[in-house]
Amino acid sequence: MKKLIIANWKMHFNLHETEIFVHKLNKLDVPANIEAVICPPFIDLQTAAKTLDSKKFKLGAQNAHQTDEGAVTGEVSAAMLRGLVDYVIVGHSERRRSFGEQDNLIADKMAAAIRNQIKPILCVGESLDDRHHDLSTRVVIDQVTANLKHLTSSEVGTISIAYEPVWAIGTGEVATPEQISPVIEAIRQTVEDLYGEDSGSSVRVLYGGSVDPESTRSIMNIEGIDGLLVGGASLIAPKFSAILEAAS
Ligand code: PGA
């Protein structure tokens with residue numbers, strides 16, 4: 001199975017900047033054992049779809065609404081993204097925090113993605129307060145359990161789950177392999193307990209949070225890690241390139 005490296009652009013790059021950046025991305029080497037996915041803002045998806053070298057990069061969205069259509073001002077549904085993107089990020093901590101997305105809603109979004117043949121990348125992770133109270137694994141297990149509740153075993157086998165400690169996102173503070181490893185193990189074990197051994201071994205488990213070229217190798221060496229979710233460093237082509245190289 002290829003290693004999955006996700007670039008989450010968050011709220012960066014207008015159309016013009018997207019064209020310029022895609023041009024840079026298309027010049028990069030993507031190692032043969034890496035599946036690289038670019039997740040631009042909604043407005044940039046079509047431009048990226050038309051200009052990204054599809055032999056090197058797949059496309060993902062950063063969010064999707066849980067219902068397929070309706071009177072929902074300002075939202076974009078998974079049904080509308082169908083055919084345009086391969087992946088969608090679901091339940092990112094910035095959406096949990098800033099938009100009040102809770103576990104039930106995230107479970108509905110996971111189902112919407114699957115229903116529309118888009119592979120969801122579920123984000124889970126504990127706050128700094130949770131970590132101080134030794135609750136990291138507990139919080140993550142609860143999120144995984146609640147967020148996957150509408151999916152069948154075979155569906156769970158097709159998804160990715162990114163462990164993103166909230167305190168490590170955008171802070172420059174990367175979690176250590178000693179902190180990451182037990183949570184990765186707990187995620188896979190939870191999937192196995194709830195959905196069986198096959199789902200447990202085929203679900204892809206990623207790490208995200210201040211990933212940079214320097215930390216990539218040691219994170220990728222952690223047992224059970226299948227890839228990375230990269231925010232800030234994915235906006236700088238040479239850094240992203242170095243991450244792809246180090247992860248390969
Ligand atoms: P970061 O973001 O790499 O900038 O910390 C990661 C994420 O939020 O997915």
# chains A, B, ... in the order shown; residues from 1 in each chain; ligands from 1

$ residues_near_ligand --ligand "ligand 1" --cutoff "9 Å" --atoms "only C-alpha atoms and all ligand atoms" --output "PyMOL selection string"
chain A and resi 6-10+92-94+123+162+164+166-174+207-212+228-234

$ select_by_dssp --residues "region 115-181 of chain A" --states "strand (DSSP E or B)" --output "PyMOL selection string"
chain A and resi 119-124+160-163

$ write_last_selection --atoms "N, CA, C and O atoms" --output "PDB file, in the first residue's frame"
ATOM      1  N   LYS A 119     -13.370   9.332  -0.593  1.00  0.00           N
ATOM      2  CA  LYS A 119     -12.733   8.699   0.567  1.00  0.00           C
ATOM      3  C   LYS A 119     -12.524   9.716   1.679  1.00  0.00           C
ATOM      4  O   LYS A 119     -11.799  10.698   1.497  1.00  0.00           O
ATOM      5  N   PRO A 120     -13.149   9.511   2.839  1.00  0.00           N
ATOM      6  CA  PRO A 120     -12.979  10.482   3.921  1.00  0.00           C
ATOM      7  C   PRO A 120     -11.665  10.292   4.679  1.00  0.00           C
ATOM      8  O   PRO A 120     -11.192   9.164   4.854  1.00  0.00           O
ATOM      9  N   ILE A 121     -11.102  11.404   5.081  1.00  0.00           N
ATOM     10  CA  ILE A 121      -9.941  11.408   5.979  1.00  0.00           C
ATOM     11  C   ILE A 121     -10.449  12.005   7.287  1.00  0.00           C
ATOM     12  O   ILE A 121     -10.659  13.225   7.392  1.00  0.00           O
ATOM     13  N   LEU A 122     -10.705  11.150   8.257  1.00  0.00           N
ATOM     14  CA  LEU A 122     -11.256  11.613   9.531  1.00  0.00           C
ATOM     15  C   LEU A 122     -10.130  12.138  10.423  1.00  0.00           C
ATOM     16  O   LEU A 122      -9.123  11.453  10.609  1.00  0.00           O
ATOM     17  N   CYS A 123     -10.310  13.348  10.956  1.00  0.00           N
ATOM     18  CA  CYS A 123      -9.303  13.897  11.877  1.00  0.00           C
ATOM     19  C   CYS A 123      -9.779  13.755  13.318  1.00  0.00           C
ATOM     20  O   CYS A 123     -10.915  14.118  13.643  1.00  0.00           O
ATOM     21  N   VAL A 124      -8.904  13.236  14.155  1.00  0.00           N
ATOM     22  CA  VAL A 124      -9.192  13.110  15.588  1.00  0.00           C
ATOM     23  C   VAL A 124      -7.977  13.602  16.366  1.00  0.00           C
ATOM     24  O   VAL A 124      -6.875  13.666  15.814  1.00  0.00           O
ATOM     25  N   SER A 160      -9.346   6.796   5.875  1.00  0.00           N
ATOM     26  CA  SER A 160      -8.115   7.127   6.585  1.00  0.00           C
ATOM     27  C   SER A 160      -8.486   7.869   7.861  1.00  0.00           C
ATOM     28  O   SER A 160      -9.473   8.617   7.879  1.00  0.00           O
ATOM     29  N   ILE A 161      -7.705   7.663   8.888  1.00  0.00           N
ATOM     30  CA  ILE A 161      -7.905   8.391  10.145  1.00  0.00           C
ATOM     31  C   ILE A 161      -6.601   9.091  10.483  1.00  0.00           C
ATOM     32  O   ILE A 161      -5.545   8.447  10.568  1.00  0.00           O
ATOM     33  N   ALA A 162      -6.668  10.414  10.628  1.00  0.00           N
ATOM     34  CA  ALA A 162      -5.466  11.183  10.950  1.00  0.00           C
ATOM     35  C   ALA A 162      -5.480  11.551  12.429  1.00  0.00           C
ATOM     36  O   ALA A 162      -6.424  12.204  12.902  1.00  0.00           O
ATOM     37  N   TYR A 163      -4.433  11.127  13.133  1.00  0.00           N
ATOM     38  CA  TYR A 163      -4.270  11.558  14.526  1.00  0.00           C
ATOM     39  C   TYR A 163      -3.598  12.922  14.511  1.00  0.00           C
ATOM     40  O   TYR A 163      -2.442  13.050  14.104  1.00  0.00           O
TER      41      TYR A 163
END

$ residues_around --residues "Glu223 (chain A)" --least-positions-apart "4" --cutoff "12 Å" --atoms "only C-alpha atoms" --output "MDAnalysis selection string"
chainID A and resid 177:178 180:185 188 205:207 218:219 227

$ closest_atom_pairs --of "region 14-53 of chain A" --to "region 83-87 of chain A" --cutoff "10 Å" --atoms "only C-alpha atoms" --output "Markdown table"
| residue | atom | partner | partner_atom | distance |
| --- | --- | --- | --- | --- |
| A:Val37 | CA | A:Tyr87 | CA | 7.8 |
| A:Ile38 | CA | A:Tyr87 | CA | 9.2 |
| A:Cys39 | CA | A:Tyr87 | CA | 8.3 |
| A:Leu45 | CA | A:Leu84 | CA | 7.9 |
| A:Gln46 | CA | A:Leu84 | CA | 7.7 |
| A:Ala49 | CA | A:Leu84 | CA | 7.2 |

$ residues_around --residues "Leu148 (chain A)" --least-positions-apart "5" --cutoff "8 Å" --atoms "only C-alpha atoms" --output "PDB file with all heavy atoms, in the first residue's frame"
ATOM      1  N   ALA A 107     -20.081  12.207  12.123  1.00  0.00           N
ATOM      2  CA  ALA A 107     -20.504  10.858  11.695  1.00  0.00           C
ATOM      3  C   ALA A 107     -21.377  10.964  10.441  1.00  0.00           C
ATOM      4  O   ALA A 107     -21.240  10.160   9.505  1.00  0.00           O
ATOM      5  CB  ALA A 107     -21.273  10.164  12.825  1.00  0.00           C
ATOM      6  N   MET A 110     -19.134  11.707   7.473  1.00  0.00           N
ATOM      7  CA  MET A 110     -18.422  10.496   7.038  1.00  0.00           C
ATOM      8  C   MET A 110     -19.331   9.667   6.125  1.00  0.00           C
ATOM      9  O   MET A 110     -18.907   9.194   5.069  1.00  0.00           O
ATOM     10  CB  MET A 110     -18.006   9.656   8.246  1.00  0.00           C
ATOM     11  CG  MET A 110     -16.941  10.282   9.136  1.00  0.00           C
ATOM     12  SD  MET A 110     -15.360  10.519   8.312  1.00  0.00           S
ATOM     13  CE  MET A 110     -14.771   8.822   8.187  1.00  0.00           C
ATOM     14  N   VAL A 156     -15.408   1.091   6.486  1.00  0.00           N
ATOM     15  CA  VAL A 156     -14.339   1.555   7.381  1.00  0.00           C
ATOM     16  C   VAL A 156     -12.970   1.146   6.831  1.00  0.00           C
ATOM     17  O   VAL A 156     -11.991   1.888   6.956  1.00  0.00           O
ATOM     18  CB  VAL A 156     -14.555   1.020   8.815  1.00  0.00           C
ATOM     19  CG1 VAL A 156     -13.335   1.263   9.683  1.00  0.00           C
ATOM     20  CG2 VAL A 156     -15.783   1.683   9.437  1.00  0.00           C
TER      21      VAL A 156
END

$ residues_around --residues "Ala111 (chain A)" --least-positions-apart "5" --cutoff "12 Å" --atoms "only C-alpha atoms" --output "PyMOL selection string"
chain A and resi 64-68+77-79+88+90+104-106+116-122+147-152+155-156+159

$ closest_residue --among "A:Phe57, A:Phe240, A:Phe13, A:Phe99" --to "Asn26 (chain A)" --atoms "only C-alpha atoms"
A:Phe57

$ select_by_dssp --residues "region 95-140 of chain A" --states "helix (DSSP H, G or I)" --output "list of chain:residue names"
A:Arg95, A:Arg96, A:Arg97, A:Ser98, A:Asp103, A:Asn104, A:Leu105, A:Ile106, A:Ala107, A:Asp108, A:Lys109, A:Met110, A:Ala111, A:Ala112, A:Ala113, A:Ile114, A:Arg115, A:Leu128, A:Asp129, A:Asp130, A:Arg131, A:His132, A:Ser136, A:Thr137, A:Arg138, A:Val139, A:Val140

$ closest_residue --among "A:Ile5, A:Leu235, A:Asp198, A:Glu126" --to "Arg97 (chain A)" --atoms "only C-alpha atoms"
A:Glu126
